[in-house]
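Novice: Below you will find the structure I want to go over with you.
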Amino acid sequence: MCLSVPGKVVEIQNNMAKVEVGGVIREVSIDVCPDVTVGEYVLIHTGFAIQKLDEKEALETLALLRELATF
Amino acid sequence: MPEGKILLAHGSGGKLSHDLVSDILLPRFSNPFLEPLDDSARITNQEGPLAFTTDSYVINPLFFPGGDIGKLAVCGTVNDLSMVGAVPSCLSLSLIIEEGFSIELLERILSSARDAAEEASIRIVTGDTKVVEHGAADQLFITTSGIGWIRKGVHLSGVNARPGDTVLVSGFLGDHEIAVLSQREGFGFQGELKSDCAPLNGLVGRMLEACPTLRCLRDPTRGGLATSLNEIASRSRVGIVLEEAQIPVRESVLGTCELLGLDPLYLANEGKLIAICPPQEAERVLEAMRAHPSGKHAEIIGRVTEENPKRVTLQTLIGGHRVVDMLTGTQYPRIC
Amino acid sequence: MKFIDEFRNKEIAQGLIRRIFEVSARPIHLMEVCGTHTVSFFRYGIRDMLPKHIRLLSGPGCPVCVTPNQNIDLAIALSRRDDVLLATFGDMMRVPGSTSSLQKEKAEGRRIRIVYSPLDSLRLAKENPEKKVVFLAVGFETTSPAIAMTLLKAHSEGIQNLYFLNSQKRVPPALRALLQSEKVQIHGFILPGHVCTILGREPFAFLSEEFKRPAVIAGFEPLDLLQAVWMLVNQVEKDQASVEIQYTRVVRDQGNPVAVSKMEQAFQQDEALWRGLGWIPGSGCRLKDAFSSMDARRIEVDVEPPREHPGCLCGEILQAVRTPPECPLFKTVCHPDHPVGPCMVSVEGACFTYFKYEQTQS
């Protein structure tokens, strides 16, 4: 329903950003995700960045899961 | 040739047709079988049982990162011959050209075909050219037929797979289809996405030297790895189990697949092969593949089983499993 | 790929599965609302790795599957006009309408183009000023902001030849309707992580507050799904009911307010027809009056009266009342190569995924 993929912002120009996913660069609109900066990760869907990815949360989730899985 | 465009007259058999052959085709493909320009080429160097194949090429766009229709046509037929263990010998090259097609582009495509033929050490010995009215064909269609001599003692076929055999692949999957897709649909992807279009007869030669008892070779073109393996499983009446973590796919292809909702197992390849060999030969075959430029990234990706005959299953990245069916319909890029 | 590969870690996945086995006792039905979740469960083989008494039901969260015949028939009728260029997401191409499909129409020579982004339809409108470019707007709230932005852009740039055929749906009203119908026993919900990226948690709070069901907003990688199942099982075993966020790296409590405000600028809520669920109030999007000139429904066409295929159980399957193998047409008449209903067309449809992944293993 909602194929969205996280990618890294490598360039911003006005309301468009170049986002890199696995070495592939895709140009997307940041109209609904305006406060994003180069180097941050965003979720992209149908040519738009729809949310910033919280790296800290991502790492915390992974740590939690690792602990849960191995205790 | 003074004019820049192909005219209907170029296909009519008259002076312009002869000019097309003498000025554009002959200089590129000259060899003793072609030069007489008789109605048929006389092939006099037969070296074993005959392998014979044919294919048509209607790709759009004609030019894509890593190749063009000319290179594709030659490599495709060379590879079909190689997959049955034949040494490719001669090709025919038939062109259907839309009126108004640029001569400069035609020359570029024919030069690509020539370069591919040289790389594969095959000769183009006969052919045909037709020109149709504007709108009756989409720019250029190419048909190639090829013959080769099957090496002594070699019997490669999709019916040969046996339980216990090893399944290998010669390198990264999906490069061709993603390169073409990104060009055609203008998806705006930049990055190192090039077609893998290449002749495989050199690689196959090395593999057969290392292991004359190879069971089967297949080049996974349309429908990808999944479709080819399903065909083999069905013909040999065996099961095939694949290890997802072992299947080589470039990050850029994976990234594109994630973005478009495509599955790399179903993507077309034009310079890769699948090999099935007896398990005790697997390491030797792998080594031989990796020693060749076309097999640098070869991997063992699975095995043939007695269970689940005619089914291909995949051990997923997390240790689960799922069935890998044949491709049905077309993979459209999804948003969903 | 960063933030993707780590969430496919085998050791962690195996460990989470062990935890689920340890904690799960009661037989429960969990509904995966979102079609992309259905695909993920199958793609990684997770279904077979879970305890047998946890049943996963796939719900109406496939916007392709819930598009009724009349919307497709209308799109087809529009594409048959000489002055129309229809732009659509690839997902919709093979969905059968009453008598045809967009794929068949394209083969007949109609101007139908597949786009990856709604913005592509704006580009097509600029490149083809003499044509009416109609965008078939399908999707849930994940996609609605993108469609809204495209509309707002087109409007502000004075583009006169771009039209929207709205077929978008909203998820919360559909879940409410499902629970109110009480047709199927659902103990907990796996909620669509990307819809919630836009909407946040609050629009789904009614699931626990009114209907006392636990719900977890989940991501789409295998570890996300496994953690979500573990969280739900824990709630069920402890008789708890709350809406939790598993997908914390992307879903905020308040969602994406900018995206929501764009949606509200462009669309108003409307009732919508869902295949299988019928008319659901507030579950669709209509263009706001200021943009009514861009409504594709204003373009004159003759549309055939809609016909559903008798025997097709997509409606019941979308409500999880039946499973695909129970449909008399499954695998016989209805097959991915010649689908009857949209559940077999959409790669996220329950019928397609059952067909593709659950071919007899024995």
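Following the order of the structure tokens, chains are lettered A, B, ..., residues in each are numbered from 1, and ligands are numbered from 1.
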Please extract the residues of chain A with a backbone DSSP assignment of strand (DSSP E or B) and present them as a count of residues only.

Specialist: 31

Novice: Please run DSSP on the backbone and report, as number ranges by chain, all residues within stretch 55-214 of chain B that come out as alpha helix (DSSP H).

Specialist: B: 69-82, 103-120, 175-184, 201-210

Novice: Convert the current residue selection to file output with N, CA and C atoms, as a short mmCIF file (atom, residue, chain, number, x, y, z; two decimals), in the first residue's frame.

Specialist:
```
data_model
loop_
_atom_site.label_atom_id
_atom_site.label_comp_id
_atom_site.auth_asym_id
_atom_site.auth_seq_id
_atom_site.Cartn_x
_atom_site.Cartn_y
_atom_site.Cartn_z
N ILE B 69 20.96 -2.35 -29.32
CA ILE B 69 20.28 -3.50 -29.92
C ILE B 69 21.23 -4.36 -30.75
N GLY B 70 22.24 -3.76 -31.33
CA GLY B 70 23.19 -4.52 -32.14
C GLY B 70 23.99 -5.49 -31.28
N LYS B 71 24.52 -4.96 -30.19
CA LYS B 71 25.31 -5.80 -29.27
C LYS B 71 24.42 -6.89 -28.67
N LEU B 72 23.22 -6.48 -28.30
CA LEU B 72 22.28 -7.41 -27.69
C LEU B 72 21.97 -8.58 -28.62
N ALA B 73 21.75 -8.26 -29.90
CA ALA B 73 21.36 -9.29 -30.86
C ALA B 73 22.46 -10.34 -31.01
N VAL B 74 23.68 -9.88 -31.12
CA VAL B 74 24.80 -10.83 -31.28
C VAL B 74 25.02 -11.63 -30.00
N CYS B 75 25.09 -10.94 -28.86
CA CYS B 75 25.35 -11.64 -27.59
C CYS B 75 24.24 -12.62 -27.26
N GLY B 76 23.01 -12.23 -27.50
CA GLY B 76 21.88 -13.10 -27.17
C GLY B 76 21.98 -14.44 -27.88
N THR B 77 22.28 -14.39 -29.16
CA THR B 77 22.33 -15.63 -29.93
C THR B 77 23.60 -16.41 -29.62
N VAL B 78 24.73 -15.73 -29.45
CA VAL B 78 25.97 -16.41 -29.02
C VAL B 78 25.71 -17.16 -27.72
N ASN B 79 24.99 -16.52 -26.80
CA ASN B 79 24.76 -17.13 -25.50
C ASN B 79 23.82 -18.32 -25.59
N ASP B 80 22.79 -18.23 -26.41
CA ASP B 80 21.90 -19.38 -26.58
C ASP B 80 22.67 -20.59 -27.09
N LEU B 81 23.60 -20.37 -28.01
CA LEU B 81 24.42 -21.48 -28.51
C LEU B 81 25.32 -22.01 -27.40
N SER B 82 25.91 -21.11 -26.65
CA SER B 82 26.82 -21.51 -25.57
C SER B 82 26.12 -22.33 -24.51
N ILE B 103 20.67 6.93 -40.65
CA ILE B 103 21.75 6.05 -41.11
C ILE B 103 22.90 6.07 -40.10
N GLU B 104 23.09 7.22 -39.49
CA GLU B 104 24.17 7.31 -38.51
C GLU B 104 23.92 6.36 -37.33
N LEU B 105 22.67 6.31 -36.88
CA LEU B 105 22.34 5.40 -35.78
C LEU B 105 22.48 3.95 -36.24
N LEU B 106 22.07 3.68 -37.48
CA LEU B 106 22.20 2.32 -38.01
C LEU B 106 23.67 1.90 -38.02
N GLU B 107 24.53 2.82 -38.45
CA GLU B 107 25.96 2.50 -38.48
C GLU B 107 26.50 2.24 -37.10
N ARG B 108 26.04 3.01 -36.13
CA ARG B 108 26.50 2.80 -34.75
C ARG B 108 26.09 1.41 -34.26
N ILE B 109 24.85 1.05 -34.57
CA ILE B 109 24.34 -0.24 -34.12
C ILE B 109 25.08 -1.39 -34.80
N LEU B 110 25.35 -1.25 -36.07
CA LEU B 110 26.06 -2.31 -36.80
C LEU B 110 27.51 -2.42 -36.32
N SER B 111 28.11 -1.30 -35.98
CA SER B 111 29.46 -1.36 -35.42
C SER B 111 29.47 -2.08 -34.08
N SER B 112 28.45 -1.84 -33.28
CA SER B 112 28.32 -2.58 -32.01
C SER B 112 28.21 -4.07 -32.27
N ALA B 113 27.41 -4.42 -33.25
CA ALA B 113 27.24 -5.84 -33.58
C ALA B 113 28.57 -6.43 -34.01
N ARG B 114 29.29 -5.69 -34.81
CA ARG B 114 30.60 -6.16 -35.26
C ARG B 114 31.54 -6.36 -34.08
N ASP B 115 31.58 -5.40 -33.18
CA ASP B 115 32.48 -5.49 -32.02
C ASP B 115 32.12 -6.69 -31.15
N ALA B 116 30.83 -6.90 -30.97
CA ALA B 116 30.39 -8.06 -30.18
C ALA B 116 30.76 -9.35 -30.86
N ALA B 117 30.61 -9.39 -32.18
CA ALA B 117 30.97 -10.60 -32.94
C ALA B 117 32.46 -10.88 -32.82
N GLU B 118 33.25 -9.85 -32.87
CA GLU B 118 34.71 -10.04 -32.74
C GLU B 118 35.04 -10.56 -31.35
N GLU B 119 34.41 -9.99 -30.35
CA GLU B 119 34.70 -10.42 -28.97
C GLU B 119 34.34 -11.89 -28.80
N ALA B 120 33.25 -12.30 -29.44
CA ALA B 120 32.80 -13.68 -29.29
C ALA B 120 33.44 -14.61 -30.30
N ASP B 175 20.99 -6.44 -13.62
CA ASP B 175 21.60 -5.21 -14.17
C ASP B 175 20.92 -4.77 -15.47
N HIS B 176 20.70 -5.73 -16.37
CA HIS B 176 20.19 -5.34 -17.69
C HIS B 176 18.81 -4.71 -17.61
N GLU B 177 17.91 -5.39 -16.95
CA GLU B 177 16.54 -4.89 -16.94
C GLU B 177 16.43 -3.54 -16.26
N ILE B 178 17.15 -3.37 -15.17
CA ILE B 178 17.07 -2.10 -14.46
C ILE B 178 17.70 -0.98 -15.29
N ALA B 179 18.80 -1.28 -15.98
CA ALA B 179 19.42 -0.25 -16.82
C ALA B 179 18.45 0.20 -17.92
N VAL B 180 17.80 -0.77 -18.56
CA VAL B 180 16.87 -0.45 -19.64
C VAL B 180 15.63 0.26 -19.10
N LEU B 181 15.11 -0.25 -18.00
CA LEU B 181 13.90 0.34 -17.40
C LEU B 181 14.13 1.80 -17.04
N SER B 182 15.27 2.06 -16.42
CA SER B 182 15.51 3.43 -15.97
C SER B 182 15.66 4.36 -17.17
N GLN B 183 16.21 3.84 -18.26
CA GLN B 183 16.35 4.64 -19.47
C GLN B 183 14.99 4.87 -20.12
N ARG B 184 14.22 3.81 -20.27
CA ARG B 184 12.97 3.88 -21.02
C ARG B 184 11.92 4.69 -20.31
N ASN B 201 30.48 -17.18 -24.29
CA ASN B 201 31.08 -18.41 -24.79
C ASN B 201 32.47 -18.66 -24.19
N GLY B 202 33.19 -17.59 -23.90
CA GLY B 202 34.51 -17.76 -23.28
C GLY B 202 34.38 -18.38 -21.91
N LEU B 203 33.47 -17.87 -21.11
CA LEU B 203 33.23 -18.39 -19.77
C LEU B 203 32.82 -19.86 -19.82
N VAL B 204 31.90 -20.16 -20.72
CA VAL B 204 31.40 -21.53 -20.83
C VAL B 204 32.53 -22.48 -21.21
N GLY B 205 33.40 -22.03 -22.09
CA GLY B 205 34.55 -22.85 -22.48
C GLY B 205 35.38 -23.24 -21.27
N ARG B 206 35.68 -22.26 -20.42
CA ARG B 206 36.48 -22.54 -19.22
C ARG B 206 35.77 -23.50 -18.28
N MET B 207 34.46 -23.27 -18.15
CA MET B 207 33.69 -24.11 -17.22
C MET B 207 33.68 -25.56 -17.69
N LEU B 208 33.53 -25.76 -18.99
CA LEU B 208 33.50 -27.13 -19.52
C LEU B 208 34.86 -27.80 -19.43
N GLU B 209 35.92 -27.00 -19.54
CA GLU B 209 37.26 -27.56 -19.32
C GLU B 209 37.39 -28.08 -17.90
N ALA B 210 36.88 -27.29 -16.95
CA ALA B 210 37.00 -27.68 -15.54
C ALA B 210 36.07 -28.84 -15.21
#
```

Novice: Give me, as a Markdown table, the closest atom pair and its distance (Å, one decimal) for every residue of chain C within a cut-off of 6 Å of chain A, counting only C-alpha atoms, rows sorted by chain and rising number.

Specialist:
```
| residue | atom | partner | partner_atom | distance |
| --- | --- | --- | --- | --- |
| C:Met1 | CA | A:Gly22 | CA | 5.1 |
| C:Ile12 | CA | A:Ala69 | CA | 5.3 |
| C:Gly15 | CA | A:Ala69 | CA | 4.0 |
| C:Leu16 | CA | A:Ala69 | CA | 5.0 |
| C:Gly35 | CA | A:Met1 | CA | 5.5 |
| C:Thr36 | CA | A:Met1 | CA | 5.2 |
| C:Cys62 | CA | A:Met1 | CA | 5.6 |
| C:Tyr116 | CA | A:Thr46 | CA | 5.8 |
| C:Ser117 | CA | A:Thr46 | CA | 4.4 |
| C:His194 | CA | A:Cys2 | CA | 5.9 |
| C:Arg249 | CA | A:Asp54 | CA | 4.8 |
| C:Val250 | CA | A:Leu53 | CA | 5.2 |
| C:Val258 | CA | A:Val32 | CA | 5.6 |
| C:Ala259 | CA | A:Val32 | CA | 5.1 |
```

Novice: With a distance cut-off of 6 Å and only C-alpha atoms, select the neighbouring residues of stretch 158-170 of chain C, excluding the residue or stretch itself and same-chain residues fewer than 2 positions from it, and output the selection as a PyMOL selection string.

Specialist: chain C and resi 125+132-140+154-156+283-285+294-296

Novice: Given only C-alpha atoms as the basis, pick out the residue of B:Ile147, B:Met326, B:Ala233, B:Val249 nearest to chain A.

Specialist: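 Selected residue with least distance to chain A: B:Val249.
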
Novice: Please provide as a PyMOL selection string all residues within 12 Å of A:Thr37, with the sequence filter that same-chain residues fewer than 5 positions apart are discarded (counting only C-alpha atoms).

Specialist: chain A and resi 8-19+30+42+49+52-53

Novice: Take the residues that were just selected and, keeping C-alpha atoms, output them as a PDB file, in the first residue's frame.

Specialist:
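New file part-v4.pdb:
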```
ATOM      1  CA  LYS A   8      20.042   9.720   2.515  1.00  0.00           C
ATOM      2  CA  VAL A   9      19.681  13.349   1.428  1.00  0.00           C
ATOM      3  CA  VAL A  10      22.755  14.290  -0.576  1.00  0.00           C
ATOM      4  CA  GLU A  11      21.684  17.598  -2.101  1.00  0.00           C
ATOM      5  CA  ILE A  12      18.913  20.135  -1.640  1.00  0.00           C
ATOM      6  CA  GLN A  13      17.842  22.780  -4.111  1.00  0.00           C
ATOM      7  CA  ASN A  14      14.749  24.853  -3.310  1.00  0.00           C
ATOM      8  CA  ASN A  15      11.962  22.359  -2.684  1.00  0.00           C
ATOM      9  CA  MET A  16      13.666  19.366  -4.313  1.00  0.00           C
ATOM     10  CA  ALA A  17      16.220  17.011  -2.820  1.00  0.00           C
ATOM     11  CA  LYS A  18      18.493  14.331  -4.257  1.00  0.00           C
ATOM     12  CA  VAL A  19      18.153  11.203  -2.117  1.00  0.00           C
ATOM     13  CA  ILE A  30      10.496  17.977   0.090  1.00  0.00           C
ATOM     14  CA  VAL A  42      14.119  10.544   4.844  1.00  0.00           C
ATOM     15  CA  ALA A  49       9.954  12.787   1.130  1.00  0.00           C
ATOM     16  CA  LYS A  52      12.542  12.299   8.421  1.00  0.00           C
ATOM     17  CA  LEU A  53      13.993   9.119   9.818  1.00  0.00           C
TER      18      LEU A  53
END
```

Novice: Which of these, B:Arg218, B:Leu259, B:Ile232, B:Lys194, has the shortest distance to chain A once you count only C-alpha atoms?

Specialist: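 Smallest separation from chain A among the options: B:Leu259.
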
Novice: Please produce, as a tab-separated table, a per-residue contact table for chain C versus chain B (criterion: any atom at most 6 Å away, only C-alpha atoms considered), showing the nearest atom pair and its distance in Å to one decimal, sorted by chain then residue number.

Specialist:
```
residue	atom	partner	partner_atom	distance
C:Lys10	CA	B:Ile318	CA	4.2
C:Tyr44	CA	B:Thr316	CA	5.4
C:Gly45	CA	B:Gly320	CA	4.5
C:Gly90	CA	B:Tyr332	CA	5.3
C:Asp91	CA	B:Arg334	CA	5.4
C:Asp337	CA	B:Gly329	CA	5.7
C:Tyr357	CA	B:Val323	CA	5.0
```

Novice: Generate a file of the selected residues that holds C-alpha atoms, formatted as an mmCIF file, in the first residue's frame.

Specialist:
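And here's selection.cif as it stands now:
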```cif
data_model
loop_
_atom_site.group_PDB
_atom_site.id
_atom_site.type_symbol
_atom_site.label_atom_id
_atom_site.label_comp_id
_atom_site.auth_asym_id
_atom_site.auth_seq_id
_atom_site.Cartn_x
_atom_site.Cartn_y
_atom_site.Cartn_z
ATOM 1 C CA LYS C 10 18.658 -13.324 10.816
ATOM 2 C CA TYR C 44 10.202 -13.491 4.297
ATOM 3 C CA GLY C 45 8.277 -16.644 5.107
ATOM 4 C CA GLY C 90 1.377 0.726 -12.389
ATOM 5 C CA ASP C 91 -0.636 -1.141 -9.779
ATOM 6 C CA ASP C 337 -2.546 -14.387 -15.828
ATOM 7 C CA TYR C 357 3.706 -17.865 -2.101
#
```

Novice: Can you tell me which residues surround stretch 206-221 of chain C at a distance of at most 7 Å, considering only C-alpha atoms, apart from same-chain residues fewer than 5 positions away, and format the answer as number ranges by chain?

Specialist: C: 7-8, 37, 40, 187-193, 228, 232, 235, 240-247

Novice: Could those selected residues go to a file with C-alpha atoms, as a PDB file, in the first residue's frame?

Specialist:
```
ATOM      1  CA  PHE C   7      16.132  -4.800  10.105  1.00  0.00           C
ATOM      2  CA  ARG C   8      16.571  -8.044   8.162  1.00  0.00           C
ATOM      3  CA  HIS C  37       2.409  -5.985   5.352  1.00  0.00           C
ATOM      4  CA  SER C  40       6.231  -8.717   3.742  1.00  0.00           C
ATOM      5  CA  HIS C 187      -8.077  -9.794  18.566  1.00  0.00           C
ATOM      6  CA  GLY C 188      -5.517  -7.223  17.513  1.00  0.00           C
ATOM      7  CA  PHE C 189      -4.406  -4.996  14.667  1.00  0.00           C
ATOM      8  CA  ILE C 190      -1.074  -4.590  12.939  1.00  0.00           C
ATOM      9  CA  LEU C 191      -1.449  -1.013  11.727  1.00  0.00           C
ATOM     10  CA  PRO C 192       0.031   0.422   8.522  1.00  0.00           C
ATOM     11  CA  GLY C 193       3.300   2.126   9.397  1.00  0.00           C
ATOM     12  CA  ALA C 228       4.907  -5.898  16.316  1.00  0.00           C
ATOM     13  CA  LEU C 232       0.485  -7.518  20.276  1.00  0.00           C
ATOM     14  CA  GLN C 235      -0.971  -7.092  25.140  1.00  0.00           C
ATOM     15  CA  GLN C 240      -4.400  -4.942  27.653  1.00  0.00           C
ATOM     16  CA  ALA C 241      -5.671  -2.740  24.860  1.00  0.00           C
ATOM     17  CA  SER C 242      -3.670   0.237  23.694  1.00  0.00           C
ATOM     18  CA  VAL C 243      -2.315   1.631  20.437  1.00  0.00           C
ATOM     19  CA  GLU C 244       1.473   1.357  20.488  1.00  0.00           C
ATOM     20  CA  ILE C 245       4.094   2.522  18.019  1.00  0.00           C
ATOM     21  CA  GLN C 246       6.662  -0.107  17.010  1.00  0.00           C
ATOM     22  CA  TYR C 247       7.921   1.929  14.034  1.00  0.00           C
TER      23      TYR C 247
END
```

Novice: Have a look at atom CA of C:Phe21 and atom CA of C:Leu56 and let me know their distance in Å, one decimal.

Specialist: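 Computing the Euclidean distance for atom CA of C:Phe21 and atom CA of C:Leu56 yields 15.2 Å.
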
Novice: Could you name the residues that touch B:Val285 at 7 Å or less, counting only C-alpha atoms, but leaving out those on the same chain fewer than 2 positions away, as a VMD selection string?

Specialist: chain B and resid 207 210 to 211 281 to 283 287 to 289

Novice: Could you please take those selected residues and save C-alpha atoms as a PDB file, in the first residue's frame?

Specialist:
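This is the output file selection.pdb:
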```pdb
ATOM      1  CA  MET B 207      33.689 -24.111 -17.222  1.00  0.00           C
ATOM      2  CA  ALA B 210      36.998 -27.677 -15.542  1.00  0.00           C
ATOM      3  CA  CYS B 211      33.927 -29.908 -15.539  1.00  0.00           C
ATOM      4  CA  GLU B 281      32.502 -30.573  -8.925  1.00  0.00           C
ATOM      5  CA  ALA B 282      30.978 -27.424  -7.445  1.00  0.00           C
ATOM      6  CA  GLU B 283      34.111 -25.866  -5.995  1.00  0.00           C
ATOM      7  CA  GLU B 287      36.863 -21.440  -9.225  1.00  0.00           C
ATOM      8  CA  ALA B 288      36.859 -21.676 -13.015  1.00  0.00           C
ATOM      9  CA  MET B 289      34.017 -19.150 -13.218  1.00  0.00           C
TER      10      MET B 289
END
```
